[in-house]
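Heads up: the structure comes next, in structure tokens.
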Amino acid sequence: MAEPFMVARDLQKSFNDHKAVNGVSFTIGKNEIFGLLGPNGAGKTTTIRMLSTVLEPDAGEVTIGGFSTHQQPEKVRSLIGVCPQELALYEDLSALDNLMFFGRLVGLSGREAKAQAMSNLALMGLEQRARGKISKFSGGMKRRVNLAIALMGHPQLLFLDEPTVGIDPQSRNNIFETIFDLRKKGMTILYTTHYMEEADRLCNRVAIMDGGKIVVMDTPRALKGQIGDPDKVTLEDVFLKMTGRSLRD
Amino acid sequence: MKRAWIIVLRELRTYLQDKADLAFSLLLPIATFALIYGAFGGQGLFHGTASVVNEDAKGVYSAQLLDDLKAETSLTVETLSRADAEQKLDRSDVKLVLVIPADFSDKLRSGQPAQLIFMQRGNGGQDGQIVASIVRGAVSRLNQDFSVRGQVEQALAGKGVLPQQITVTTWNFLDRERQYPLVGITEVASGSKPNLVNQFLPGIITMYVLFSISISAAAIVEERRKGTLERLLTTRLTVGGLFLGKWLASVSRGFVQTFILLTLSYAVFRIFTPLSFLECLAVALIFAMASSAIGLLIASVARTQDSATWIGVFFTMSMTMLGGTFFTISAGSVLYTISKFSLNTYANDAFKALITEGGTISQVWLELSVMTGVILVGLVLSRYLFKALPQGK
């Protein structure tokens, strides 16, 4: 693994009596795509919220690019981009205005924000719809705008929380190509998904979470090798073996 | 601070883009102003309508009474049939009707007591009560005429003076006495001239500014509902910057409406001097800041859009009622003590001092201090109580 860019040590977070995250530790190397997998309620989103400074952990610590999320959250925020699971867009604004608004908030000048916004929209195949209102966009287009916003300010670490939920194959493919392209440009990515084939295809390493803990962490091939022939078993087989077949809330 | 301005600009842009919201919020103060103008029309004194059913149409004394009422500059006399009067009372078109019975003049002529009747709905309403007082004054003068004439007739009985001569001489004497009364009243106004616009305008202004509570109360919940709150908090915008931006946007919106209302009042009613106009704008701005700070406090604890709206409405309504917007609260009463906990009270008092009493801004330092305190406490407390996620910290 390359030099660690993000280090999480013994993260813990409880909501009332429920321990959502219970002693999670992992590192992400620079220019790595790290997959965080797990069934519903495993603690993935809470972990991402702690890593991205939205939530403070009850215990444990996180450093990103050498800065502590607790002591230097502003420094950390200047390094990260977050594409949340839910669409976080202003429906009454155009795609361009959405990107420019968040661009200004990550510290870009008006001119820089506009240039980057147009570039990111082009990357997502939306340059023709830059001035269209988000409320008129399809689900797949909204997902792509959601990702384009996360790229404003050229973050060094990108959090992608289920970025391909509920979209058509074309939009999904566009997002995959973008992610590969970003990795080529040196970006570090933390990726969560319920689609195991996505994780297998995209991620250098994956961690499978369940019950607020990481139950297993390695490269997809090594994980598949733990339960059989890596060329025959799938990551989904590994996932089901590690987290069980019982239904989750 | 720079990023707070980005939030303000986005909020105002959204406000300007929503044509319906924009039209409603800008037209509302103009419509309110039109209502004030229509209701009070810039007149300073009371003017009412005396609705009269005259069943003694050919009577001399009923005619005298009506002439006396018509001579009142503050009254317009409207004559109705009894059926019309009853119908209008039923519909609350009028609240009070004076009925002059058919035998009114005959009874007076024969020296018997006569009764006038007030038909009224409830207590007759404020206008009705004033009209009733004016009618009582006219009746009192009529009684005085009869009383003086009776006494003079008695004193001159058997001295060969004709009754008609007594009547004419007595009336001439009373007319002269009314024209040049022995005891007169001179009205000396202090401060600016009080009128109905002056009396109601402070309450209407404060009510408008209080809308800022509901606007800022929904500010954070709205971001949470859209899912943009978390995203905002992962940018370089601090929570303090977010709150400052939301607060300033809410202040701007609340202040714009008040600015329109005050400017129209300044231009049409001429109740301000240029200086008092600017002083009122300053008070309105500080009040908008305090109201928005309360709204932000609600925003920091409200978890849903509905709860933010209802808490905002509760604060707005209770403060409007307690702050003396619609009625005067007597000093020393329990309500007066409670009203001191309402922000509206201080704003109302400040506006009244400036608009109604012709005071200056230096005379409302206490009110301004209280509102400034609310701004500081509201902003600090809302930041302290805020949680990015309902369960989180």
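Simple scheme: letters A, B, ... for chains in structure tokens order, numbers from 1 for residues in each chain, numbers from 1 for ligands in the order shown.
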
Against chain A, which residues of chain B fall within 6 Å? For each one I want the closest pair of atoms and the distance in Å (one decimal), counting only C-alpha atoms, rows by chain and increasing residue number, as CSV.
```
residue,atom,partner,partner_atom,distance
B:Arg3,CA,A:Leu105,CA,6.0
B:Gly227,CA,A:Ala88,CA,4.7
B:Thr228,CA,A:Ala88,CA,4.5
B:Thr234,CA,A:Arg77,CA,5.8
B:Thr235,CA,A:Val106,CA,5.2
B:Arg236,CA,A:Val106,CA,5.2
B:Leu237,CA,A:Leu105,CA,6.0
```

Based on the selection just made, write C-alpha atoms of those residues as a JSON list (two decimals), in the first residue's frame.
```
[["chain", "number", "residue", "atom", "x", "y", "z"],
["B", 3, "ARG", "CA", -18.61, 32.38, 3.04],
["B", 227, "GLY", "CA", -29.81, 16.78, 2.35],
["B", 228, "THR", "CA", -27.57, 19.79, 1.72],
["B", 234, "THR", "CA", -18.00, 19.35, 4.71],
["B", 235, "THR", "CA", -17.03, 22.51, 2.83],
["B", 236, "ARG", "CA", -14.89, 25.21, 4.36],
["B", 237, "LEU", "CA", -18.02, 26.91, 5.62]]
```

Tell me which protein, DNA and RNA residues are within 10 Å of Pro29 in chain B, counting only C-alpha atoms, leaving out same-chain ones fewer than 5 positions away, and put them as a PDB file with C-alpha atoms, in the first residue's frame.
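Wrote it out as selection.pdb, contents follow:
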```pdb
ATOM      1  CA  PHE B  24     -46.422  37.851  -2.184  1.00  0.00           C
ATOM      2  CA  ALA B  34     -53.560  50.290   1.128  1.00  0.00           C
ATOM      3  CA  LEU B  35     -55.795  48.883   3.861  1.00  0.00           C
ATOM      4  CA  ILE B 204     -48.352  46.585  12.056  1.00  0.00           C
ATOM      5  CA  ILE B 205     -44.618  47.127  11.556  1.00  0.00           C
ATOM      6  CA  TYR B 208     -44.279  42.221   9.786  1.00  0.00           C
ATOM      7  CA  VAL B 256     -37.334  44.774   3.122  1.00  0.00           C
ATOM      8  CA  GLN B 257     -41.029  44.407   3.946  1.00  0.00           C
ATOM      9  CA  THR B 258     -40.767  46.876   6.811  1.00  0.00           C
ATOM     10  CA  PHE B 259     -38.805  49.266   4.629  1.00  0.00           C
ATOM     11  CA  ILE B 260     -41.633  49.273   2.078  1.00  0.00           C
ATOM     12  CA  LEU B 261     -44.256  49.856   4.758  1.00  0.00           C
ATOM     13  CA  LEU B 262     -42.313  52.671   6.428  1.00  0.00           C
ATOM     14  CA  LEU B 264     -45.009  54.347   1.959  1.00  0.00           C
TER      15      LEU B 264
END
```

If you run DSSP on the backbone here, which positions in range 11-247 of chain A get helix (DSSP H, G or I)? Please write them as a CSV table (one decimal) with C-alpha atoms, in the first residue's frame.
```csv
chain,number,residue,atom,x,y,z
A,44,LYS,CA,-20.7,2.8,6.9
A,45,THR,CA,-22.5,6.2,6.7
A,46,THR,CA,-21.7,7.0,10.3
A,47,THR,CA,-18.1,6.2,9.6
A,48,ILE,CA,-18.0,8.5,6.6
A,49,ARG,CA,-19.7,11.2,8.6
A,50,MET,CA,-17.0,11.0,11.2
A,51,LEU,CA,-14.2,10.9,8.6
A,73,PRO,CA,-11.4,20.3,10.8
A,74,GLU,CA,-11.1,23.3,8.5
A,75,LYS,CA,-7.8,22.0,7.2
A,76,VAL,CA,-9.3,18.6,6.6
A,77,ARG,CA,-12.3,20.1,4.8
A,95,ALA,CA,-26.7,22.6,-12.3
A,96,LEU,CA,-24.1,25.3,-12.9
A,97,ASP,CA,-25.3,27.4,-10.0
A,98,ASN,CA,-25.2,24.4,-7.7
A,99,LEU,CA,-21.6,23.7,-8.6
A,100,MET,CA,-20.6,27.3,-8.4
A,101,PHE,CA,-22.2,27.8,-5.0
A,102,PHE,CA,-20.4,24.8,-3.5
A,103,GLY,CA,-17.2,25.8,-5.4
A,104,ARG,CA,-17.3,29.2,-3.7
A,105,LEU,CA,-17.7,27.5,-0.3
A,110,GLY,CA,-16.2,33.2,-8.8
A,111,ARG,CA,-14.2,32.8,-12.0
A,112,GLU,CA,-12.4,29.7,-10.8
A,113,ALA,CA,-15.7,28.2,-9.6
A,114,LYS,CA,-17.4,28.8,-13.0
A,115,ALA,CA,-14.4,27.3,-14.9
A,116,GLN,CA,-14.3,24.2,-12.7
A,117,ALA,CA,-18.1,23.8,-12.7
A,118,MET,CA,-18.1,23.8,-16.5
A,119,SER,CA,-15.2,21.4,-16.6
A,120,ASN,CA,-16.8,19.0,-14.0
A,121,LEU,CA,-20.2,19.1,-15.8
A,122,ALA,CA,-18.4,18.3,-19.1
A,123,LEU,CA,-16.7,15.4,-17.3
A,127,GLU,CA,-22.3,20.6,-20.2
A,128,GLN,CA,-25.3,21.0,-22.5
A,129,ARG,CA,-27.6,21.1,-19.4
A,134,ILE,CA,-32.0,20.5,-11.2
A,135,SER,CA,-35.8,20.0,-10.7
A,136,LYS,CA,-36.1,19.2,-14.4
A,139,GLY,CA,-32.4,10.7,-11.4
A,140,GLY,CA,-29.2,9.7,-13.2
A,141,MET,CA,-28.4,13.3,-14.1
A,142,LYS,CA,-28.9,14.4,-10.5
A,143,ARG,CA,-26.6,11.6,-9.4
A,144,ARG,CA,-23.9,12.9,-11.8
A,145,VAL,CA,-24.4,16.5,-10.6
A,146,ASN,CA,-24.1,15.2,-7.0
A,147,LEU,CA,-20.7,13.7,-7.9
A,148,ALA,CA,-19.6,16.8,-9.9
A,149,ILE,CA,-20.2,19.0,-6.8
A,150,ALA,CA,-18.0,16.7,-4.7
A,169,PRO,CA,-26.5,1.7,-16.7
A,170,GLN,CA,-25.3,4.6,-18.9
A,171,SER,CA,-25.1,7.0,-15.9
A,172,ARG,CA,-23.4,4.3,-13.8
A,173,ASN,CA,-20.9,3.7,-16.5
A,174,ASN,CA,-20.2,7.4,-16.8
A,175,ILE,CA,-19.6,7.5,-13.0
A,176,PHE,CA,-17.2,4.5,-13.2
A,177,GLU,CA,-15.2,6.1,-16.0
A,178,THR,CA,-15.0,9.3,-14.0
A,179,ILE,CA,-13.8,7.4,-10.9
A,180,PHE,CA,-11.0,5.6,-13.0
A,181,ASP,CA,-10.1,8.9,-14.5
A,182,LEU,CA,-9.8,10.5,-11.1
A,183,ARG,CA,-7.6,7.8,-9.8
A,184,LYS,CA,-5.4,8.3,-12.8
A,196,MET,CA,-20.4,-6.0,-4.9
A,197,GLU,CA,-19.4,-6.2,-8.6
A,198,GLU,CA,-18.8,-2.4,-8.5
A,199,ALA,CA,-16.5,-2.8,-5.5
A,200,ASP,CA,-14.7,-5.7,-7.2
A,201,ARG,CA,-14.2,-3.7,-10.4
A,202,LEU,CA,-13.2,-0.4,-8.8
A,220,PRO,CA,-11.0,-8.1,-3.4
A,221,ARG,CA,-8.9,-11.0,-4.9
A,222,ALA,CA,-7.4,-11.9,-1.5
A,223,LEU,CA,-10.8,-11.8,0.2
A,224,LYS,CA,-12.3,-14.1,-2.5
A,225,GLY,CA,-9.2,-16.3,-2.0
A,226,GLN,CA,-10.2,-16.7,1.7
A,227,ILE,CA,-13.3,-18.7,0.8
A,235,LEU,CA,-17.2,-10.7,-3.7
A,236,GLU,CA,-20.9,-11.1,-3.0
A,237,ASP,CA,-20.1,-14.7,-1.8
A,238,VAL,CA,-17.5,-13.3,0.5
A,239,PHE,CA,-19.9,-10.6,1.7
A,240,LEU,CA,-22.7,-13.1,2.5
A,241,LYS,CA,-20.2,-15.4,4.2
A,242,MET,CA,-18.9,-12.7,6.4
A,243,THR,CA,-22.1,-10.9,7.2
```

Coordinates-based distance that separates CA of Met217 in chain A from CA of Val62 in chain A (Å, one decimal):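 Computed distance, CA of Val62 in chain A to CA of Met217 in chain A, equals 18.1 Å.
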
So that I can check the surroundings of range 56-67 of chain B, please list as an NGL selection string every protein, DNA and RNA residue that reaches within 7 Å of it, counting only C-alpha atoms and ignoring chain neighbours fewer than 5 positions away. :B and (100-105 or 138)
